[in-house]
Amino acid sequence: MKKIKSEKINTPSVGVVETQHYTFAEPGREHQFKSRETLGPVTLAYETYGKLNRDKTNAILVLHALSGDAHAAGVHAGQNDSGWWDDMIGPGKAFDTNRYFVVCSNVVGGCKGSTGPSSINPATGKPYALDFPFITVADMVDCQRRLIDYFGIDKLLCVAGGSMGGMQVLQWVASYPERVKSAIPIATTLKHSPQQIAFNEVIRQSIMADPAWCEGNYYAYGQPEKGLSVARMIGHITFMSDQSMEEKFSRRLKNDKFSFGFDADFEVEGYLRYRGANFVKRFDANSYLYITKAMDYFDLSGDKLIPHGKVIPTRIMVISFKTDWLYPSHQSQEIVRLLKRRLVDTTYCELTSTYGHDAFLIEVEEQTTLIKYFLDKTYNGYLVAGHDGI
Amino acid sequence: MMESNITLDHRIIYSIIEPDSRVLDLGCGEGELLYPLVRDKRVRAQGIELNDKAIQECVKKGLSVFHDDIESSLREFPDRSFDYVILNQSMQEVKKVDCVIREALRIGGKVIVGFPNFAYIQSRLMLFFRGRAPITGSLPYLWYDTPNVRFLSITDFKNFCKGKNIRMVASYYMGEKKLVRFWPNLFALNAVFVLTNNP
């Protein structure tokens, strides 16, 4: 972690950025979700970095994970809030903003500027709460497609993201293969496994078991803080690895002795409580419920990613991490096996890291090499002259 | 343009493969062979490699590569996915050789196999006169530190193919710097064969 911090200071940033908003599905033209429920108007919060070229061929869509947002790089004016992938997006970085136009949008159903359960329902003047339609990863992608249409971008140079962001990447390939030249799904899966669904169910139950949740109608009183913070604590356990927890906390005590009480004796307890308490300040409990459910519904196995017999032009690079047990490498290998069967131009790398699932946010160096050159080849092809044999 | 650091076996395989072919290289290393093929012959290339650093080098060259084991990597490919499957200097590191060759023949029209010849004269002399496990230009490893698990001669491989009804379309025998035409099983360091299942 320390290493990354120092890199943050030394590497150039995209600088001050501003979150923008795009609204569609105005009254009478509501957006229909896979659940057949409709919603309108729909707003997506997004940020962009770099410049779109005249031919609109240098656009990259970056997709965020479960609790992420549109703020992927740079800082907001007057704040010290580096974006969630700031180490990867910027001048000279993996997603080089000197060359590419990078877009990141907050998913529909989220709570960071996009329409979600905490948004005001124009019909009632109150937050949607559980009246919000059920969403799927395909719905997230459909809404992003509206944003890409709005930019007038016919074909994205690349779609990239980790975890739930990786699911959206795969969904883009499934839904709009002709509109993505390349795709980079990282630390992700073709479908949520029973273990992943089980974790999400415990996460949801911990929110819903908090009396302050009030069947989702808590907006007048404040968040179900206890339930939501426990939910996030569970999440954080799954993001780390046994090894990274040993390195980060071991059995170290906060105050050098046991309290013989239920205070946080161990550093790991303190860390989880801190993370949980922070999370309730920044994330809506209902959004957490909706988005985890969308992840559980996600399943592009079999013919759903690419139908049998179909040839897609998309180049794909799949990346996984050895110690990631939430989205383990065998799930990425399952993606790769499917891509082999469909003869898709594929690269697969399993990277060594001790950080578990968090690695996709932390392991900057190797990912940068892979992504930078992969994008370069996708963008420029082979630029070699003067060779006519070896 | 001749590049002097290209090995003889790579030159031979490079010359065998026609432009615009689909090529799978099993154990592609840093893409030393695939890269010139893609660059000069517009080959549609796919590599398979186990070494992390080598994979990064392949990606730097713009090559598509799977992080995978040769033995477990072939099953998913449909029949005839490639025009050529290359198994150069990696067959001797594979345990289930006949399984890998059978799969390679299934997914490729032709299979190019290259391997070090264990019956090279220097090996024979070292074993016979010095009583030592052979170390040669093509088998440069000490016995306890070799990636190789299969040790075979050119004659062994010919017999193997005969027994499996695999047709040898072409054969190339190599010494230090040039091709060997006379008694290859004695004088060749390396051999390259082009195999096919087709009549």
# chains A, B, ... in the order shown; residues from 1 in each chain; ligands from 1
$ interface_residues --of "chain A" --to "chain B" --cutoff "12 Å" --atoms "only C-alpha atoms" --output "ChimeraX atom specification"
/A:308-309,315-322,329-330,332-352,365-390
$ residues_around --residues "range 86-90 of chain A" --least-positions-apart "6" --cutoff "7 Å" --atoms "only C-alpha atoms" --output "ChimeraX atom specification"
/A:8,12-14,72-74,96-97,364,368
$ write_last_selection --atoms "C-alpha atoms" --output "PDB file, in the first residue's frame"
ATOM      1  CA  LYS A   8       0.254   8.689  -6.433  1.00  0.00           C
ATOM      2  CA  PRO A  12       0.815  13.002 -13.196  1.00  0.00           C
ATOM      3  CA  SER A  13      -2.906  13.269 -12.673  1.00  0.00           C
ATOM      4  CA  VAL A  14      -5.690  14.342 -14.985  1.00  0.00           C
ATOM      5  CA  ALA A  72     -12.403   7.342 -11.626  1.00  0.00           C
ATOM      6  CA  ALA A  73      -9.525   9.793 -11.928  1.00  0.00           C
ATOM      7  CA  GLY A  74      -8.314  13.235 -10.891  1.00  0.00           C
ATOM      8  CA  ASP A  96      -3.287   7.271 -21.325  1.00  0.00           C
ATOM      9  CA  THR A  97      -5.382  10.430 -21.406  1.00  0.00           C
ATOM     10  CA  VAL A 364      -0.788  -0.924 -10.866  1.00  0.00           C
ATOM     11  CA  THR A 368      -0.312  -0.929 -16.628  1.00  0.00           C
TER      12      THR A 368
END
$ residues_around --residues "Gln92 in chain B" --least-positions-apart "6" --cutoff "10 Å" --atoms "only C-alpha atoms" --output "list in words"
Gly114, Phe115, Pro116, Pro147, Asn148, Val149, Arg150, Phe151 and Leu152 of chain B
$ write_last_selection --atoms "N, CA and C atoms" --output "compact mmCIF listing (two decimals), in the first residue's frame"
# COMPACT_ATOMS: atom_id res chain seq x y z
N GLY B 114 9.31 -29.36 -32.96
CA GLY B 114 10.76 -29.24 -32.94
C GLY B 114 11.29 -29.68 -31.59
N PHE B 115 12.37 -30.47 -31.61
CA PHE B 115 12.89 -30.96 -30.33
C PHE B 115 14.39 -31.24 -30.42
N PRO B 116 15.09 -31.27 -29.28
CA PRO B 116 16.51 -31.60 -29.27
C PRO B 116 16.71 -33.12 -29.42
N PRO B 147 14.28 -28.46 -17.40
CA PRO B 147 12.82 -28.43 -17.53
C PRO B 147 12.31 -29.63 -18.32
N ASN B 148 13.24 -30.37 -18.93
CA ASN B 148 12.83 -31.48 -19.80
C ASN B 148 12.42 -32.69 -18.97
N VAL B 149 11.34 -33.34 -19.43
CA VAL B 149 10.93 -34.58 -18.77
C VAL B 149 10.91 -35.74 -19.75
N ARG B 150 11.06 -35.44 -21.04
CA ARG B 150 11.10 -36.49 -22.07
C ARG B 150 12.39 -36.37 -22.85
N PHE B 151 13.08 -37.51 -23.02
CA PHE B 151 14.34 -37.51 -23.75
C PHE B 151 14.19 -38.47 -24.91
N LEU B 152 14.33 -37.93 -26.13
CA LEU B 152 14.06 -38.77 -27.30
C LEU B 152 15.04 -38.45 -28.42
$ residues_around --residues "Ile101 in chain B" --least-positions-apart "2" --cutoff "9 Å" --atoms "only C-alpha atoms" --output "NGL selection string"
:B and (87 or 91 or 96-99 or 103-106 or 111 or 113)
$ residues_around --residues "range 117-133 of chain A" --least-positions-apart "4" --cutoff "7 Å" --atoms "only C-alpha atoms" --output "ChimeraX atom specification"
/A:37-38,109,111,216-217,284,286-287
$ write_last_selection --atoms "N, CA and C atoms" --output "CSV table (one decimal), in the first residue's frame"
chain,number,residue,atom,x,y,z
A,37,GLU,N,-40.2,-3.5,-15.8
A,37,GLU,CA,-40.6,-2.2,-15.1
A,37,GLU,C,-40.0,-1.0,-15.9
A,38,THR,N,-40.6,0.1,-15.8
A,38,THR,CA,-40.1,1.3,-16.6
A,38,THR,C,-39.7,2.4,-15.6
A,109,GLY,N,-29.2,2.9,-10.7
A,109,GLY,CA,-29.5,2.1,-9.5
A,109,GLY,C,-28.5,2.6,-8.4
A,111,CYS,N,-26.0,5.5,-6.3
A,111,CYS,CA,-26.4,6.7,-5.5
A,111,CYS,C,-25.3,7.8,-5.5
A,216,GLY,N,-37.1,-0.2,3.6
A,216,GLY,CA,-36.5,0.7,2.6
A,216,GLY,C,-36.9,2.1,2.7
A,217,ASN,N,-37.9,2.5,3.6
A,217,ASN,CA,-38.4,3.9,3.7
A,217,ASN,C,-37.7,4.6,4.8
A,284,ASP,N,-25.8,4.5,-0.3
A,284,ASP,CA,-27.2,4.3,0.1
A,284,ASP,C,-27.4,2.8,0.3
A,286,ASN,N,-30.2,1.1,0.2
A,286,ASN,CA,-31.1,0.4,-0.9
A,286,ASN,C,-30.3,0.2,-2.2
A,287,SER,N,-29.5,1.2,-2.5
A,287,SER,CA,-28.6,0.9,-3.7
A,287,SER,C,-27.8,-0.3,-3.6
$ select_by_dssp --residues "range 7-123 of chain A" --states "alpha helix (DSSP H)" --output "list in words"
Glu7, Lys8, Ile9 and Asn10 of chain A
$ write_last_selection --atoms "C-alpha atoms" --output "short mmCIF file (atom, residue, chain, number, x, y, z; two decimals), in the first residue's frame"
data_model
loop_
_atom_site.label_atom_id
_atom_site.label_comp_id
_atom_site.auth_asym_id
_atom_site.auth_seq_id
_atom_site.Cartn_x
_atom_site.Cartn_y
_atom_site.Cartn_z
CA GLU A 7 3.39 6.62 -6.78
CA LYS A 8 0.25 8.69 -6.43
CA ILE A 9 2.31 11.72 -5.54
CA ASN A 10 4.85 11.19 -8.29
#
$ decode --residues "range 61-176 of chain B" --atoms "C-alpha atoms" --output "PDB file, in the first residue's frame"
ATOM      1  CA  LYS B  61       4.758  -7.136 -28.778  1.00  0.00           C
ATOM      2  CA  GLY B  62       1.001  -6.960 -29.329  1.00  0.00           C
ATOM      3  CA  LEU B  63       0.575 -10.740 -29.336  1.00  0.00           C
ATOM      4  CA  SER B  64      -2.442 -12.570 -27.969  1.00  0.00           C
ATOM      5  CA  VAL B  65      -1.426 -15.151 -25.403  1.00  0.00           C
ATOM      6  CA  PHE B  66      -3.053 -17.423 -22.836  1.00  0.00           C
ATOM      7  CA  HIS B  67      -1.526 -17.961 -19.432  1.00  0.00           C
ATOM      8  CA  ASP B  68      -1.933 -21.711 -19.413  1.00  0.00           C
ATOM      9  CA  ASP B  69      -0.338 -25.113 -19.293  1.00  0.00           C
ATOM     10  CA  ILE B  70       0.155 -26.785 -22.681  1.00  0.00           C
ATOM     11  CA  GLU B  71      -1.452 -30.018 -21.552  1.00  0.00           C
ATOM     12  CA  SER B  72      -4.658 -28.456 -20.251  1.00  0.00           C
ATOM     13  CA  SER B  73      -4.980 -25.712 -22.818  1.00  0.00           C
ATOM     14  CA  LEU B  74      -6.048 -27.505 -25.974  1.00  0.00           C
ATOM     15  CA  ARG B  75      -9.298 -29.226 -25.182  1.00  0.00           C
ATOM     16  CA  GLU B  76     -11.598 -26.235 -25.694  1.00  0.00           C
ATOM     17  CA  PHE B  77     -10.466 -25.318 -29.188  1.00  0.00           C
ATOM     18  CA  PRO B  78     -12.815 -26.492 -31.932  1.00  0.00           C
ATOM     19  CA  ASP B  79     -11.488 -28.887 -34.610  1.00  0.00           C
ATOM     20  CA  ARG B  80      -9.360 -27.207 -37.240  1.00  0.00           C
ATOM     21  CA  SER B  81      -9.204 -23.878 -35.414  1.00  0.00           C
ATOM     22  CA  PHE B  82      -5.704 -23.284 -36.783  1.00  0.00           C
ATOM     23  CA  ASP B  83      -3.698 -23.951 -39.922  1.00  0.00           C
ATOM     24  CA  TYR B  84      -0.561 -24.620 -37.881  1.00  0.00           C
ATOM     25  CA  VAL B  85       0.003 -25.661 -34.309  1.00  0.00           C
ATOM     26  CA  ILE B  86       3.627 -25.188 -33.267  1.00  0.00           C
ATOM     27  CA  LEU B  87       5.222 -27.312 -30.586  1.00  0.00           C
ATOM     28  CA  ASN B  88       8.796 -26.130 -30.834  1.00  0.00           C
ATOM     29  CA  GLN B  89      11.263 -26.963 -28.050  1.00  0.00           C
ATOM     30  CA  SER B  90       8.362 -27.519 -25.684  1.00  0.00           C
ATOM     31  CA  MET B  91       7.340 -31.109 -26.436  1.00  0.00           C
ATOM     32  CA  GLN B  92      10.182 -32.485 -24.329  1.00  0.00           C
ATOM     33  CA  GLU B  93       8.784 -30.541 -21.342  1.00  0.00           C
ATOM     34  CA  VAL B  94       5.352 -32.153 -21.636  1.00  0.00           C
ATOM     35  CA  LYS B  95       4.359 -35.332 -19.800  1.00  0.00           C
ATOM     36  CA  LYS B  96       1.448 -36.568 -21.898  1.00  0.00           C
ATOM     37  CA  VAL B  97       3.140 -36.155 -25.260  1.00  0.00           C
ATOM     38  CA  ASP B  98       0.859 -38.387 -27.297  1.00  0.00           C
ATOM     39  CA  CYS B  99      -2.222 -36.684 -25.889  1.00  0.00           C
ATOM     40  CA  VAL B 100      -0.852 -33.221 -26.735  1.00  0.00           C
ATOM     41  CA  ILE B 101       0.098 -34.264 -30.266  1.00  0.00           C
ATOM     42  CA  ARG B 102      -3.286 -35.874 -30.847  1.00  0.00           C
ATOM     43  CA  GLU B 103      -5.053 -32.704 -29.687  1.00  0.00           C
ATOM     44  CA  ALA B 104      -2.695 -30.500 -31.710  1.00  0.00           C
ATOM     45  CA  LEU B 105      -3.505 -32.535 -34.832  1.00  0.00           C
ATOM     46  CA  ARG B 106      -7.216 -32.204 -34.090  1.00  0.00           C
ATOM     47  CA  ILE B 107      -7.192 -28.411 -33.776  1.00  0.00           C
ATOM     48  CA  GLY B 108      -4.569 -27.700 -36.452  1.00  0.00           C
ATOM     49  CA  GLY B 109      -4.285 -28.768 -40.070  1.00  0.00           C
ATOM     50  CA  LYS B 110      -0.567 -29.214 -39.594  1.00  0.00           C
ATOM     51  CA  VAL B 111       1.569 -29.562 -36.508  1.00  0.00           C
ATOM     52  CA  ILE B 112       5.162 -28.369 -36.427  1.00  0.00           C
ATOM     53  CA  VAL B 113       7.209 -30.212 -33.823  1.00  0.00           C
ATOM     54  CA  GLY B 114      10.763 -29.238 -32.943  1.00  0.00           C
ATOM     55  CA  PHE B 115      12.893 -30.963 -30.328  1.00  0.00           C
ATOM     56  CA  PRO B 116      16.511 -31.604 -29.273  1.00  0.00           C
ATOM     57  CA  ASN B 117      17.990 -34.885 -30.464  1.00  0.00           C
ATOM     58  CA  PHE B 118      19.132 -36.998 -27.526  1.00  0.00           C
ATOM     59  CA  ALA B 119      21.119 -39.292 -29.838  1.00  0.00           C
ATOM     60  CA  TYR B 120      23.401 -36.493 -31.082  1.00  0.00           C
ATOM     61  CA  ILE B 121      26.981 -37.704 -31.317  1.00  0.00           C
ATOM     62  CA  GLN B 122      28.223 -35.534 -28.474  1.00  0.00           C
ATOM     63  CA  SER B 123      25.557 -36.983 -26.166  1.00  0.00           C
ATOM     64  CA  ARG B 124      26.537 -40.484 -27.103  1.00  0.00           C
ATOM     65  CA  LEU B 125      30.218 -39.786 -26.496  1.00  0.00           C
ATOM     66  CA  MET B 126      29.594 -38.109 -23.175  1.00  0.00           C
ATOM     67  CA  LEU B 127      27.476 -40.987 -21.976  1.00  0.00           C
ATOM     68  CA  PHE B 128      29.731 -43.702 -23.373  1.00  0.00           C
ATOM     69  CA  PHE B 129      33.201 -42.394 -22.580  1.00  0.00           C
ATOM     70  CA  ARG B 130      32.632 -40.198 -19.566  1.00  0.00           C
ATOM     71  CA  GLY B 131      29.620 -41.971 -18.106  1.00  0.00           C
ATOM     72  CA  ARG B 132      27.870 -38.648 -17.623  1.00  0.00           C
ATOM     73  CA  ALA B 133      24.346 -37.478 -18.419  1.00  0.00           C
ATOM     74  CA  PRO B 134      24.743 -35.627 -21.717  1.00  0.00           C
ATOM     75  CA  ILE B 135      25.016 -31.856 -21.914  1.00  0.00           C
ATOM     76  CA  THR B 136      24.957 -30.468 -25.467  1.00  0.00           C
ATOM     77  CA  GLY B 137      24.123 -27.282 -27.348  1.00  0.00           C
ATOM     78  CA  SER B 138      20.488 -28.343 -27.620  1.00  0.00           C
ATOM     79  CA  LEU B 139      20.317 -30.047 -24.199  1.00  0.00           C
ATOM     80  CA  PRO B 140      22.289 -27.567 -22.110  1.00  0.00           C
ATOM     81  CA  TYR B 141      20.965 -28.510 -18.671  1.00  0.00           C
ATOM     82  CA  LEU B 142      22.433 -30.297 -15.684  1.00  0.00           C
ATOM     83  CA  TRP B 143      20.464 -33.421 -14.781  1.00  0.00           C
ATOM     84  CA  TYR B 144      18.976 -31.902 -11.606  1.00  0.00           C
ATOM     85  CA  ASP B 145      18.058 -28.596 -13.174  1.00  0.00           C
ATOM     86  CA  THR B 146      16.351 -29.366 -16.461  1.00  0.00           C
ATOM     87  CA  PRO B 147      12.821 -28.428 -17.531  1.00  0.00           C
ATOM     88  CA  ASN B 148      12.831 -31.476 -19.797  1.00  0.00           C
ATOM     89  CA  VAL B 149      10.925 -34.578 -18.773  1.00  0.00           C
ATOM     90  CA  ARG B 150      11.095 -36.490 -22.067  1.00  0.00           C
ATOM     91  CA  PHE B 151      14.337 -37.506 -23.752  1.00  0.00           C
ATOM     92  CA  LEU B 152      14.058 -38.769 -27.303  1.00  0.00           C
ATOM     93  CA  SER B 153      16.020 -39.233 -30.476  1.00  0.00           C
ATOM     94  CA  ILE B 154      15.021 -38.458 -34.038  1.00  0.00           C
ATOM     95  CA  THR B 155      14.567 -42.173 -34.651  1.00  0.00           C
ATOM     96  CA  ASP B 156      12.356 -42.457 -31.552  1.00  0.00           C
ATOM     97  CA  PHE B 157      10.074 -39.752 -32.845  1.00  0.00           C
ATOM     98  CA  LYS B 158       9.856 -41.228 -36.333  1.00  0.00           C
ATOM     99  CA  ASN B 159       8.866 -44.566 -34.835  1.00  0.00           C
ATOM    100  CA  PHE B 160       6.330 -42.836 -32.616  1.00  0.00           C
ATOM    101  CA  CYS B 161       4.660 -41.161 -35.609  1.00  0.00           C
ATOM    102  CA  LYS B 162       4.713 -44.388 -37.593  1.00  0.00           C
ATOM    103  CA  GLY B 163       3.037 -46.243 -34.745  1.00  0.00           C
ATOM    104  CA  LYS B 164       0.329 -43.572 -34.439  1.00  0.00           C
ATOM    105  CA  ASN B 165      -0.283 -43.322 -38.191  1.00  0.00           C
ATOM    106  CA  ILE B 166       0.828 -39.710 -38.217  1.00  0.00           C
ATOM    107  CA  ARG B 167       2.170 -38.566 -41.562  1.00  0.00           C
ATOM    108  CA  MET B 168       5.431 -36.593 -41.698  1.00  0.00           C
ATOM    109  CA  VAL B 169       5.089 -34.027 -44.461  1.00  0.00           C
ATOM    110  CA  ALA B 170       8.524 -32.498 -44.064  1.00  0.00           C
ATOM    111  CA  SER B 171      11.599 -32.932 -41.910  1.00  0.00           C
ATOM    112  CA  TYR B 172      14.522 -30.613 -41.126  1.00  0.00           C
ATOM    113  CA  TYR B 173      17.662 -31.587 -39.234  1.00  0.00           C
ATOM    114  CA  MET B 174      19.910 -28.967 -37.741  1.00  0.00           C
ATOM    115  CA  GLY B 175      23.501 -28.775 -36.595  1.00  0.00           C
ATOM    116  CA  GLU B 176      25.127 -25.807 -34.892  1.00  0.00           C
TER     117      GLU B 176
END
